[in-house]
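Chemist: Here it is, the structure in full.
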Amino acid sequence: MVALFINSVIGAGIFGLPSRVHELLGPYALLAYVACALLVLLVVLCFAEVGSRFEDTGGPYLYARTAFGPFVGFQVGWLVWLTRVTAFAALCNLLIDYLAHPWPALASGGGRIAVATLATVVIAAVNIRGVRTAAIVANVFTVGKLVPLVLFVAIGLFFVEPARYVPASTPAPMEFTAAILLLVFAFTGFETATVPAGEVREPRRTLPFAILASMAVIVPLYLLIQAVAIGTLPGLADSTTPLADAAGSFAGSLGASVIVLGAVVSISGTLNGLVLAAPRILYAMAEQGQLPAAFARTHARYRTPYLAIGLTAACMLVLTLSGSFLTAVALSTITRLLAYAATCLAVPVLRRREGAGVAAAAFTVPAGTWVAGVAMLVIAWLVLHAGVGELRNVGIAMAVGALLMWLAGRARRAPASPA
């Protein structure tokens with residue numbers, strides 16, 4: 001579970017966003033990392049408490065449905081599924097970009113289609129074989145992604161130039177907010193690993209430990225990675241592959257190649273986690289009668305929701321081939337924040353209902369109501385500072401979700417045709 005959480009968070013963000021954050025803030029980017037980490041910690045604590053009350057599959061969808069009813073639960077589940085699908089498309093496109101670093105022919109045309117198709121099909125097949133197989137793959141990817149990043153930090157710290165940490169100017173508050181919104185994409189994704197709780201041993205105890213342990217690894221690693229990138233790469237703001245370019249500046253072509261390999265492994269691991277979680281959102285909603293029952297069918301041998309996995313993988317592939325990394329980041333971030341807000345708000349609601357159909361929490365956050373309240377305020381602040389176009393797209397997505405729920409309900413209520 002710790003490996004799954006780390007894989008769910010460390011993906012494309014830390015390999016692609018350091019240059020953009022530095023472009024906005026310069027050396028002040030390190031403060032944005034700290035601020036974003038504090039926000040994520042508040043949300044993580046809420047997830048740890050709420051998740052420790054449940055043993056079933058569903059994650060944020062299950063939490064919202066229990067706390068606020070079927071409609072809100074469906075909307076959260078729909079947004080979480082959409083977030084996973086768009087995140088897969090973003091990450092798969094960045095995977096192609098990194099593979100194109102040594103093999104430029106893969107950047108477009110048939111090469112791009114082949115890489116996207118192969119990655120999607122292989123990962124879907126692994127997940128159809130079962131959550132245990134997917135977890136083993138996650139363990140391998142976790143080691144494979146952490147080693148290059150740790151080497152990047154351990155070696156790069158000897159080559160940093162302190163003068164590069166001196167800011168040329170003070171960034172505007174809007175730039176700081178924009179940077180935090182970008183970093184939310186890099187710091188989050190942990191909710192993915194909460195979804196398959198029904199297939200985990202002792203999830204009420206395992207989930208809180210795993211989510212907190214994983215963040216204890218991720219936060220300091222991210223800070224050090226950004227610090228090394230700032231201190232070693234003069235043209236950081238203009239780089240499209242910042243860690244590979246930074247490694248190349250102090251470790252030559254071999255260092256750049258190691259980071260490219262690490263990026264490929266890291267992104268592939270996160271793609272595996274997305275395919276593990278996203279179909280199980282559809283499965284959970286189908287079990288509740290909010291989607292067609294076909295999505296709740298399980299494989300006769302592997303006991304996995306193979307139809308939900310197949311449909312989700314197909315949607316992921318289509319979006320990968322029709323979009324790009326940056327176009328999916330904004331939508332993924334806002335939908336994530338809205339799902340997080342529902343889980344944070346569920347903390348006091350479920351506390352009041354404990355014993356009345358709600359299990360006692362195996363992990364309790366000290367001053368949990370205050371923690372949830374502060375998290376809600378910060379999330380609201382970030383969402384309100386998003387672009388109008390981004391908010392419009394999220395609103396359209398939520399309207400589509402409401403339509404799907406209405407159609408599913410109408411189909412269930414329709415009388416059976418006479419024989």
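Note on naming: chains are A, B, ... as they come in the structure tokens, residues start from 1 per chain, ligands start from 1 in the order shown.
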Report as an MDAnalysis selection string all protein, DNA and RNA residues lying within 7 Å of stretch 243-259 of chain A, evaluated on only C-alpha atoms, omitting residues in the same chain fewer than 4 positions from it.

Modeler: chainID A and resid 15 148 152 156 159 229 232:233 263

Chemist: Which residues are close to stretch 357-361 of chain A, i.e. within 9 Å by only C-alpha atoms, leaving aside same-chain residues fewer than 3 positions away? Reply as a list in words.

Modeler: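 Everything that qualifies: Glu49, Val50, Gly51, Ser52, Arg53, Phe54, Thr66, Arg204, Leu350, Arg351, Arg353, Glu354 and Thr364 of chain A.
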
Chemist: Skipping near chain neighbours, those fewer than 3 positions away, what residues fall within 6 Å of stretch 329-343 of chain A using only C-alpha atoms, listed as a list of chain:residue names?

Modeler: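 In the requested form, the answer reads A:Val76, A:Leu79, A:Thr83, A:Phe185, A:Leu326, A:Ala346, A:Met376.
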
Chemist: Suppose you want the space between atom CA of A:Val228 and atom CA of A:Val43; what is it in Å?

Modeler: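 Between these atoms lies a distance of 27.4 Å.
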
Chemist: Env of A:Ala284: 10 Å cut, atoms = only C-alpha atoms, seq-sep filter 2 positions within chain, self excluded. Answer as a list in words.

Modeler: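 These residues fall inside the cut-off: Asp56, Thr57, Gly58, Gly59, Tyr61, Leu62, Phe74, Gly77, Val195, Pro196, Pro279, Arg280, Ile281, Leu282, Ala286, Glu287, Gln288, Gly289, Gln290, Leu291, Phe295, Ala296 and Pro305 of chain A.
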
Chemist: Measuring between only C-alpha atoms, which one of A:Ala210, A:Val347, A:Ala293, A:Leu407 shows the shortest distance to A:Ala3?

Modeler: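 Of A:Ala210, A:Val347, A:Ala293, A:Leu407, the one nearest A:Ala3 is A:Ala210, counting only C-alpha atoms.
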
Chemist: Hey, what's within 9 Å of A:Gly16 if we count only C-alpha atoms and toss same-chain stuff fewer than 5 positions away? As an NGL selection string, please?

Modeler: :A and (94 or 239-243)

Chemist: Write the selection just made, keeping C-alpha atoms, as an mmCIF file, in the first residue's frame?

Modeler:
```
data_model
loop_
_atom_site.group_PDB
_atom_site.id
_atom_site.type_symbol
_atom_site.label_atom_id
_atom_site.label_comp_id
_atom_site.auth_asym_id
_atom_site.auth_seq_id
_atom_site.Cartn_x
_atom_site.Cartn_y
_atom_site.Cartn_z
ATOM 1 C CA LEU A 94 4.735 12.943 -21.141
ATOM 2 C CA SER A 239 13.365 23.489 -20.124
ATOM 3 C CA THR A 240 10.694 20.992 -21.213
ATOM 4 C CA THR A 241 12.542 18.079 -19.537
ATOM 5 C CA PRO A 242 14.009 19.900 -16.518
ATOM 6 C CA LEU A 243 15.385 16.982 -14.519
#
```

Chemist: Would you please work out which residue, of A:Pro234, A:Pro366, A:Gly310, A:Pro162, is nearest to A:Ala278 when using only C-alpha atoms?

Modeler: A:Gly310

Chemist: When you look at stretch 30-37 of chain A with a cut-off of 9 Å (counting only C-alpha atoms), what residues show up, excluding the ones that are within fewer than 6 positions of it in the same chain? I need them as a PyMOL selection string.

Modeler: chain A and resi 21-22+176-177+179-181+183-184+187+215+219+222-223+226-227

Chemist: Hey, what does DSSP flag as alpha helix (DSSP H) within stretch 274-384 of chain A? Can you give it to me as number ranges by chain?

Modeler: A: 274-287, 306-322, 325-352, 368-384

Chemist: List as a list in words the protein and nucleic acid residues near A:Pro348, meaning an atom at most 8 Å away when only C-alpha atoms are counted, but skip any in the same chain fewer than 4 places from it.

Modeler: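 Those residues are Arg352, Gly368, Thr369 and Ala372 of chain A.
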
Chemist: Give me, please, the distance in Å between atom CA of A:Ala399 and atom CA of A:Val72, quoted to one decimal.

Modeler: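 Those two atoms sit 12.3 Å apart.
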
Chemist: Mind pulling up the distance from atom CA of A:Leu345 to atom CA of A:Gly395?

Modeler: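 Atom CA of A:Leu345 lies at a distance of 20.2 Å from atom CA of A:Gly395.
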
Chemist: I need the residue nearest A:Cys46 from this list: A:Glu23, A:Glu191, A:Glu199, A:Asp97. Use only C-alpha atoms for the distance.

Modeler: A:Glu191

Chemist: Would you mind telling me which residue in A:Ala213, A:Cys92, A:Ala237, A:Ala48 lies nearest to A:Leu118 when using only C-alpha atoms?

Modeler: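 Result for the nearest residue to A:Leu118: A:Cys92.
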